[in-house]
file target34.tsv (TSV, C-alpha atoms)
chain	number	residue	atom	x	y	z
A	295	MET	CA	-22.36	28.26	-53.83
A	296	THR	CA	-21.81	25.31	-51.48
A	297	THR	CA	-20.64	21.76	-52.13
A	298	LEU	CA	-19.61	18.89	-49.89
A	299	THR	CA	-16.53	16.68	-50.08
A	300	GLN	CA	-15.01	14.54	-47.35
A	301	ASP	CA	-16.09	16.28	-44.13
A	302	TYR	CA	-15.82	19.73	-45.67
A	303	GLN	CA	-18.53	22.17	-46.56
A	304	ILE	CA	-16.97	24.07	-49.44
A	305	THR	CA	-18.01	27.63	-50.18
A	306	TRP	CA	-16.63	30.02	-52.77
A	307	GLU	CA	-16.22	33.41	-51.14
A	308	LYS	CA	-14.27	36.52	-51.96
A	309	LEU	CA	-11.16	36.97	-49.89
A	310	PRO	CA	-11.75	39.78	-47.36
A	311	ASP	CA	-9.88	42.95	-48.24
A	312	ASP	CA	-8.14	42.94	-44.86
A	313	TYR	CA	-7.06	39.29	-45.09
A	314	LYS	CA	-3.30	39.03	-44.66
A	315	LEU	CA	-1.88	36.90	-47.44
A	316	PRO	CA	1.18	34.72	-46.81
A	317	ASP	CA	4.37	36.52	-47.74
A	318	ASP	CA	6.43	33.45	-48.53
A	319	PRO	CA	9.43	33.97	-50.78
A	320	VAL	CA	9.69	32.08	-54.06
A	321	ASP	CA	11.41	28.77	-53.36
A	322	ASN	CA	13.81	28.87	-56.28
A	323	ILE	CA	15.31	31.54	-58.54
A	324	ASN	CA	14.27	29.53	-61.61
A	325	GLN	CA	10.57	29.41	-60.79
A	326	PRO	CA	9.62	32.89	-62.10
A	327	ALA	CA	11.55	32.28	-65.32
A	328	LEU	CA	9.89	28.90	-65.90
A	329	ALA	CA	6.46	30.42	-65.34
A	330	ALA	CA	7.13	33.48	-67.51
A	331	ALA	CA	8.27	31.28	-70.39
A	332	LEU	CA	5.04	29.28	-70.30
A	333	THR	CA	2.92	32.42	-70.38
A	334	GLU	CA	4.94	34.28	-73.01
A	335	SER	CA	4.71	31.60	-75.66
A	336	LEU	CA	0.95	31.34	-75.14
A	337	GLN	CA	0.62	35.11	-75.41
A	338	LEU	CA	2.67	35.31	-78.62
A	339	ALA	CA	0.62	32.48	-80.15
A	340	GLY	CA	-2.65	34.30	-79.41
A	341	LYS	CA	-3.74	31.69	-76.88
A	342	ILE	CA	-4.49	34.18	-74.11
A	343	SER	CA	-7.69	36.22	-74.32
A	344	ALA	CA	-8.60	39.39	-72.46
A	345	ASN	CA	-10.43	37.27	-69.86
A	346	THR	CA	-7.68	34.68	-69.40
A	347	LEU	CA	-5.71	34.63	-66.17
A	348	THR	CA	-2.26	33.06	-65.88
A	349	THR	CA	-0.81	33.08	-62.39
A	350	THR	CA	2.59	32.65	-60.78
A	351	ASN	CA	2.89	31.93	-57.06
A	352	TYR	CA	-0.53	33.55	-56.63
A	353	GLY	CA	-3.26	32.61	-54.17
A	354	ILE	CA	-6.22	30.50	-55.32
A	355	CYS	CA	-8.86	30.29	-52.62
A	356	ALA	CA	-11.68	28.20	-51.24
A	357	THR	CA	-13.47	28.28	-47.90
A	358	LEU	CA	-13.71	24.98	-46.02
A	359	ASN	CA	-16.02	24.84	-43.03
A	360	ASN	CA	-15.85	28.64	-42.87
A	361	LYS	CA	-12.04	28.61	-42.88
A	362	ILE	CA	-10.16	30.12	-45.79
A	363	VAL	CA	-7.64	27.94	-47.62
A	364	ILE	CA	-5.16	29.49	-50.03
A	365	LYS	CA	-2.74	27.58	-52.23
A	366	ALA	CA	-0.33	29.29	-54.59
A	367	PRO	CA	0.72	27.01	-57.47
A	368	ASP	CA	3.90	27.93	-59.28
A	369	TRP	CA	1.87	28.37	-62.46
A	370	ALA	CA	-1.80	28.10	-63.34
A	371	PHE	CA	-4.00	28.76	-66.36
A	372	ILE	CA	-7.55	30.01	-65.91
A	373	ALA	CA	-9.33	30.22	-69.25
A	374	LYS	CA	-11.90	32.84	-68.25
A	375	ILE	CA	-12.62	35.11	-65.34
A	376	ASN	CA	-15.99	36.84	-65.09
A	377	VAL	CA	-14.92	39.84	-63.03
A	378	SER	CA	-12.58	42.75	-63.70
A	379	ARG	CA	-8.86	42.13	-63.32
A	380	GLU	CA	-8.84	44.68	-60.50
A	381	GLU	CA	-11.01	42.30	-58.46
A	382	VAL	CA	-8.46	39.51	-58.70
A	383	THR	CA	-5.35	41.55	-58.00
A	384	ARG	CA	-4.71	39.88	-54.64
A	385	SER	CA	-6.23	36.43	-55.08
A	386	TYR	CA	-8.72	34.38	-57.07
A	387	THR	CA	-11.77	32.38	-56.00
A	388	PRO	CA	-12.95	29.84	-58.61
A	389	GLN	CA	-16.68	29.42	-59.19
A	390	LEU	CA	-17.30	32.89	-57.74
A	391	GLN	CA	-14.94	34.91	-59.94
A	392	GLY	CA	-14.62	32.64	-62.96
A	393	ASP	CA	-13.59	29.19	-64.14
A	394	ILE	CA	-11.67	26.64	-62.17
A	395	PRO	CA	-8.05	26.44	-63.36
A	396	VAL	CA	-7.54	24.27	-66.42
A	397	ILE	CA	-4.08	23.32	-65.22
A	398	VAL	CA	-1.87	23.91	-62.20
A	399	MET	CA	1.86	23.30	-62.05
A	400	GLU	CA	4.36	22.89	-59.28
A	401	PHE	CA	8.12	23.11	-59.84
A	402	ILE	CA	9.77	20.84	-57.29
A	403	SER	CA	12.32	22.69	-55.22
A	404	ASP	CA	11.99	21.45	-51.66
A	405	THR	CA	12.56	18.18	-49.85
A	406	GLN	CA	9.12	17.99	-48.26
A	407	GLU	CA	7.39	17.00	-51.49
A	408	THR	CA	4.37	19.08	-50.52
A	409	GLU	CA	3.24	18.84	-54.14
A	410	TYR	CA	2.25	15.24	-53.39
A	411	SER	CA	0.50	15.95	-50.10
A	412	ILE	CA	-2.88	14.23	-49.87
A	413	LYS	CA	-3.41	15.46	-46.30
A	414	ALA	CA	-7.17	15.85	-45.95
A	415	THR	CA	-7.43	17.46	-42.52
A	416	TYR	CA	-7.36	21.24	-42.28
A	417	PRO	CA	-5.37	22.78	-43.82
A	418	PRO	CA	-5.36	20.22	-46.63
A	419	GLY	CA	-2.29	19.41	-48.70
A	420	LYS	CA	-1.79	20.69	-52.24
A	421	TRP	CA	-2.68	17.43	-53.94
A	422	PHE	CA	-5.91	17.08	-51.95
A	423	PHE	CA	-6.81	20.72	-52.53
A	424	TYR	CA	-6.32	20.59	-56.30
A	425	GLU	CA	-7.91	17.17	-56.72
A	426	ARG	CA	-10.83	17.13	-54.27
A	427	ILE	CA	-11.61	20.80	-53.59
A	428	LEU	CA	-10.85	22.71	-56.79
A	429	LYS	CA	-11.12	19.66	-59.08
A	430	VAL	CA	-8.46	20.97	-61.46
A	431	PRO	CA	-8.45	18.64	-64.49
A	432	ASN	CA	-4.66	18.69	-65.08
A	433	TYR	CA	-1.91	18.69	-62.45
A	434	ILE	CA	1.77	18.92	-63.44
A	435	ILE	CA	4.74	18.31	-61.18
A	436	PHE	CA	8.01	19.36	-62.85
A	437	GLU	CA	11.59	18.86	-61.69
A	438	PRO	CA	13.60	21.57	-63.52
A	439	ASP	CA	17.08	20.18	-62.89
A	440	SER	CA	16.43	16.76	-64.40
A	441	GLY	CA	13.64	17.81	-66.74
A	442	SER	CA	11.40	15.02	-65.50
A	443	PHE	CA	7.75	15.70	-64.95
A	444	GLU	CA	4.52	13.96	-64.17
A	445	MET	CA	1.10	14.77	-65.55
A	446	TYR	CA	-1.98	13.77	-63.62
A	447	ARG	CA	-5.43	13.86	-65.17
A	448	LEU	CA	-8.58	14.07	-63.06
A	449	THR	CA	-10.53	10.90	-63.79
A	450	THR	CA	-13.42	9.58	-61.71
A	451	GLU	CA	-12.69	12.25	-59.09
A	452	GLN	CA	-9.06	11.35	-58.59
A	453	TYR	CA	-5.77	12.03	-60.31
A	454	ILE	CA	-4.41	9.32	-62.60
A	455	LEU	CA	-0.80	9.42	-63.80
A	456	GLN	CA	-0.71	9.81	-67.59
A	457	GLU	CA	1.69	8.32	-70.11
A	458	PRO	CA	3.29	10.58	-72.74
A	459	ASP	CA	2.82	10.08	-76.47
A	460	GLU	CA	5.54	8.95	-78.89
A	461	ASN	CA	7.06	12.46	-78.76
A	462	GLN	CA	7.14	12.42	-74.96
A	463	ARG	CA	4.41	15.05	-74.82
A	464	TYR	CA	1.05	15.22	-73.11
A	465	TRP	CA	-2.18	16.42	-74.65
A	466	ILE	CA	-3.98	19.15	-72.68
A	467	ALA	CA	-7.46	18.84	-74.18
A	468	GLU	CA	-8.87	22.02	-72.65
A	469	MET	CA	-6.12	24.10	-74.29
A	470	ASN	CA	-5.79	22.16	-77.57
A	471	LEU	CA	-2.06	22.03	-76.94
A	472	TYR	CA	0.65	19.53	-76.13
A	473	LEU	CA	2.96	20.01	-73.17
A	474	GLY	CA	6.48	18.62	-73.09
A	475	VAL	CA	10.07	19.36	-72.17
A	476	SER	CA	12.79	20.88	-74.33
A	477	GLN	CA	16.36	22.00	-73.79
A	478	GLY	CA	16.88	25.73	-74.22
A	479	THR	CA	18.44	28.97	-73.06
A	480	ARG	CA	16.46	31.90	-71.78
A	481	GLU	CA	17.04	34.61	-69.17
A	482	ASN	CA	20.62	33.39	-68.64
A	483	ARG	CA	19.36	29.91	-67.76
A	484	THR	CA	20.34	26.94	-69.90
A	485	GLY	CA	18.45	23.79	-69.09
A	486	LYS	CA	15.14	21.98	-69.34
A	487	TRP	CA	11.97	23.98	-69.93
A	488	LEU	CA	8.31	23.10	-70.13
A	489	ARG	CA	7.13	23.99	-73.65
A	490	TRP	CA	3.90	24.06	-75.63
A	491	TRP	CA	3.25	22.50	-79.07
A	492	ASP	CA	0.14	22.99	-81.19
A	493	GLU	CA	-2.04	20.26	-82.68
A	494	GLN	CA	0.26	19.96	-85.72
A	495	GLY	CA	3.32	19.51	-83.52
A	496	ASN	CA	4.70	23.03	-84.03
A	497	LEU	CA	6.57	24.48	-81.09
A	498	LEU	CA	5.13	27.71	-79.69
A	499	PRO	CA	8.18	29.98	-79.70
A	500	TRP	CA	9.46	32.43	-77.15
A	501	GLY	CA	10.03	36.05	-78.10
A	502	THR	CA	13.79	35.53	-78.38
A	503	GLU	CA	13.21	32.64	-80.77
A	504	LEU	CA	10.86	34.71	-82.91
A	505	ALA	CA	13.48	37.46	-83.05
A	506	GLN	CA	16.15	34.93	-84.09
A	507	GLN	CA	13.83	33.57	-86.79
A	508	GLU	CA	13.32	37.09	-88.11
A	509	ARG	CA	17.08	37.74	-88.17
A	510	GLU	CA	17.64	34.50	-90.07
A	511	ARG	CA	14.86	35.37	-92.52
A	512	ALA	CA	16.36	38.82	-93.10
A	513	GLU	CA	19.81	37.30	-93.63
A	514	GLN	CA	18.44	34.77	-96.12
A	515	GLU	CA	16.69	37.57	-97.99
A	516	ARG	CA	19.91	39.61	-98.09
A	517	GLN	CA	21.85	36.64	-99.43
A	518	ARG	CA	19.17	35.95	-102.05
A	519	ALA	CA	19.32	39.58	-103.20
A	520	GLU	CA	23.11	39.43	-103.42
A	521	ARG	CA	22.99	36.25	-105.52
A	522	LEU	CA	20.44	37.80	-107.86
A	523	ALA	CA	22.56	40.95	-108.24
A	524	ALA	CA	25.63	38.82	-109.04
A	525	GLN	CA	23.67	36.89	-111.66
A	526	LEU	CA	22.51	40.13	-113.29
A	527	ARG	CA	26.05	41.54	-113.39
A	528	ALA	CA	27.29	38.29	-114.94
A	529	ALA	CA	24.69	38.83	-117.67
A	530	GLY	CA	25.90	42.38	-118.23
A	531	ILE	CA	23.00	43.99	-116.42
A	532	GLU	CA	23.68	46.49	-113.67
A	533	PRO	CA	21.10	45.89	-110.92
A	534	GLU	CA	19.15	48.84	-109.65
A	535	ASP	CA	19.74	49.95	-106.07
call {"tool": "encode", "arguments": {"input": "target34.tsv", "output": "structure tokens"}}
result
Amino acid sequence: MTTLTQDYQITWEKLPDDYKLPDDPVDNINQPALAAALTESLQLAGKISANTLTTTNYGICATLNNKIVIKAPDWAFIAKINVSREEVTRSYTPQLQGDIPVIVMEFISDTQETEYSIKATYPPGKWFFYERILKVPNYIIFEPDSGSFEMYRLTTEQYILQEPDENQRYWIAEMNLYLGVSQGTRENRTGKWLRWWDEQGNLLPWGTELAQQERERAEQERQRAERLAAQLRAAGIEPED
């Protein structure tokens, strides 16, 4: 499959098995935790199917004028792949191996602001690659320390900065979910986290939060049973064990 944009002929080809992938370290210790939290809450809410691919610092590829370009967003959501997971162990090529990503995210951690790079010449910058080559409909740039983030929506072939709703959340239409920021503690990190909310405004919980909810439910049930037993004893009835 071939398309044209700018001066590029874009083809969607499988990464050669002998292609040496960049071995760049993760920029920030918080990045894996931020990404894992996004995926876990989707998984627990049943929002990830057997064919869904969520990625963390993982290469997404396109071939421009016969030259391979690989960008590794800090987090991405691909609704459906059409090949086995074994075929996308090393990298993923949209169009060829499945859908284009619904959303890509970058967690700002450097001073170069490469997340905003619109460099069009080879190799293109991240912004140009996501917007003009992959045509990802939603692009998020998140600053974990301050909790500020920007959502860009692909409109008329270019990204337009979106405004949040009254709850300071953004609607991700392709996922039927809202995305926003919430304070929380997870994996020994207390700070701002990107979180999901459903159409009714319910927060999609993490596993630790579900466990806490279950403990609270069990405690409430124990207290209810104790109150009932006390009421029975007050009425001269010995409750059964």
call {"tool": "residues_around", "arguments": {"input": "target34.tsv", "residues": "A:Ala344", "least_positions_apart": "3", "cutoff": "12 Å", "atoms": "all atoms listed in the file", "output": "PyMOL selection string"}}
result
chain A and resi 337+340-341+347-348+372-379
call {"tool": "residues_around", "arguments": {"input": "target34.tsv", "residues": "A:Asn482", "least_positions_apart": "5", "cutoff": "12 Å", "atoms": "only C-alpha atoms", "output": "list in words"}}
result
Ile323, Asn324, Ala327 and Leu328 of chain A
call {"tool": "atom_distance", "arguments": {"input": "target34.tsv", "atom1": "atom CA of A:Asp301", "atom2": "atom CA of A:Asn360"}}
result
12.4 Å
call {"tool": "axis_aligned_box", "arguments": {"input": "target34.tsv", "around": "stretch 385-404 of chain A", "padding_each_side": "3 Å", "output": "lines of an AutoDock Vina configuration file"}}
result
center_x = -2.5
center_y = 28.6
center_z = -59.0
size_x = 35.6
size_y = 21.6
size_z = 20.8
call {"tool": "closest_residue", "arguments": {"input": "target34.tsv", "among": "A:Ile435, A:Leu309, A:Ala519, A:Ala331", "to": "A:Ile402", "atoms": "all atoms listed in the file"}}
result
A:Ile435
call {"tool": "atom_distance", "arguments": {"input": "target34.tsv", "atom1": "atom CA of A:Leu428", "atom2": "atom CA of A:Leu336"}}
result
23.5 Å
call {"tool": "residues_around", "arguments": {"input": "target34.tsv", "residues": "stretch 447-458 of chain A", "least_positions_apart": "4", "cutoff": "12 Å", "atoms": "all atoms listed in the file", "output": "JSON, numbers by chain"}}
result
{"A": [299, 396, 397, 398, 410, 412, 421, 422, 423, 424, 425, 426, 427, 428, 429, 430, 431, 432, 433, 434, 435, 442, 443, 462, 463, 464, 465, 466, 467, 468, 472, 473, 474, 475]}
call {"tool": "atom_distance", "arguments": {"input": "target34.tsv", "atom1": "atom CA of A:Gly478", "atom2": "atom CA of A:Glu503"}}
result
10.2 Å
call {"tool": "residues_near_point", "arguments": {"input": "target34.tsv", "point": "(-13.3, 31.7, -54.8)", "cutoff": "9 Å", "atoms": "all atoms listed in the file", "output": "PyMOL selection string"}}
result
chain A and resi 305-309+354-357+385-392
call {"tool": "write_last_selection", "arguments": {"input": "target34.tsv", "atoms": "C-alpha atoms", "output": "compact mmCIF listing (two decimals), in the coordinates of the input"}}
result
# COMPACT_ATOMS: atom_id res chain seq x y z
CA THR A 305 -18.01 27.63 -50.18
CA TRP A 306 -16.63 30.02 -52.77
CA GLU A 307 -16.22 33.41 -51.14
CA LYS A 308 -14.27 36.52 -51.96
CA LEU A 309 -11.16 36.97 -49.89
CA ILE A 354 -6.22 30.50 -55.32
CA CYS A 355 -8.86 30.29 -52.62
CA ALA A 356 -11.68 28.20 -51.24
CA THR A 357 -13.47 28.28 -47.90
CA SER A 385 -6.23 36.43 -55.08
CA TYR A 386 -8.72 34.38 -57.07
CA THR A 387 -11.77 32.38 -56.00
CA PRO A 388 -12.95 29.84 -58.61
CA GLN A 389 -16.68 29.42 -59.19
CA LEU A 390 -17.30 32.89 -57.74
CA GLN A 391 -14.94 34.91 -59.94
CA GLY A 392 -14.62 32.64 -62.96
call {"tool": "closest_residue", "arguments": {"input": "target34.tsv", "among": "A:Gln303, A:Thr408, A:Gln514, A:Ser476", "to": "A:Gly441", "atoms": "only C-alpha atoms"}}
result
A:Ser476
call {"tool": "closest_residue", "arguments": {"input": "target34.tsv", "among": "A:Ser343, A:Thr484, A:Gln494, A:Asn359", "to": "A:Asn470", "atoms": "only C-alpha atoms"}}
result
A:Gln494
call {"tool": "closest_residue", "arguments": {"input": "target34.tsv", "among": "A:Glu460, A:Ile362, A:Pro533, A:Thr383", "to": "A:Pro418", "atoms": "all atoms listed in the file"}}
result
A:Ile362
call {"tool": "closest_residue", "arguments": {"input": "target34.tsv", "among": "A:Tyr313, A:Tyr352, A:Trp369, A:Phe436", "to": "A:Leu332", "atoms": "all atoms listed in the file"}}
result
A:Trp369
call {"tool": "decode", "arguments": {"input": "target34.tsv", "residues": "stretch 436-464 of chain A", "atoms": "C-alpha atoms", "output": "mmCIF file, in the first residue's frame"}}
result
data_model
loop_
_atom_site.group_PDB
_atom_site.id
_atom_site.type_symbol
_atom_site.label_atom_id
_atom_site.label_comp_id
_atom_site.auth_asym_id
_atom_site.auth_seq_id
_atom_site.Cartn_x
_atom_site.Cartn_y
_atom_site.Cartn_z
ATOM 1 C CA PHE A 436 1.568 15.152 29.165
ATOM 2 C CA GLU A 437 3.850 16.813 31.700
ATOM 3 C CA PRO A 438 3.806 14.481 34.746
ATOM 4 C CA ASP A 439 5.337 16.864 37.279
ATOM 5 C CA SER A 440 2.797 19.642 36.812
ATOM 6 C CA GLY A 441 -0.056 17.460 35.591
ATOM 7 C CA SER A 442 -0.642 19.703 32.596
ATOM 8 C CA PHE A 443 -1.407 18.152 29.265
ATOM 9 C CA GLU A 444 -2.481 19.050 25.779
ATOM 10 C CA MET A 445 -4.805 17.097 23.545
ATOM 11 C CA TYR A 446 -4.615 17.539 19.809
ATOM 12 C CA ARG A 447 -7.306 16.222 17.492
ATOM 13 C CA LEU A 448 -6.642 15.531 13.819
ATOM 14 C CA THR A 449 -8.948 17.857 11.896
ATOM 15 C CA THR A 450 -8.637 18.679 8.204
ATOM 16 C CA GLU A 451 -5.307 16.838 8.116
ATOM 17 C CA GLN A 452 -3.684 18.775 10.925
ATOM 18 C CA TYR A 453 -3.704 18.729 14.705
ATOM 19 C CA ILE A 454 -5.934 21.257 16.459
ATOM 20 C CA LEU A 455 -5.537 21.935 20.181
ATOM 21 C CA GLN A 456 -8.705 20.909 22.032
ATOM 22 C CA GLU A 457 -10.382 22.532 25.018
ATOM 23 C CA PRO A 458 -11.416 20.359 27.989
ATOM 24 C CA ASP A 459 -15.006 20.029 29.168
ATOM 25 C CA GLU A 460 -16.369 21.414 32.442
ATOM 26 C CA ASN A 461 -14.673 18.539 34.318
ATOM 27 C CA GLN A 462 -11.325 19.281 32.679
ATOM 28 C CA ARG A 463 -11.542 16.076 30.662
ATOM 29 C CA TYR A 464 -11.318 15.299 26.976
#
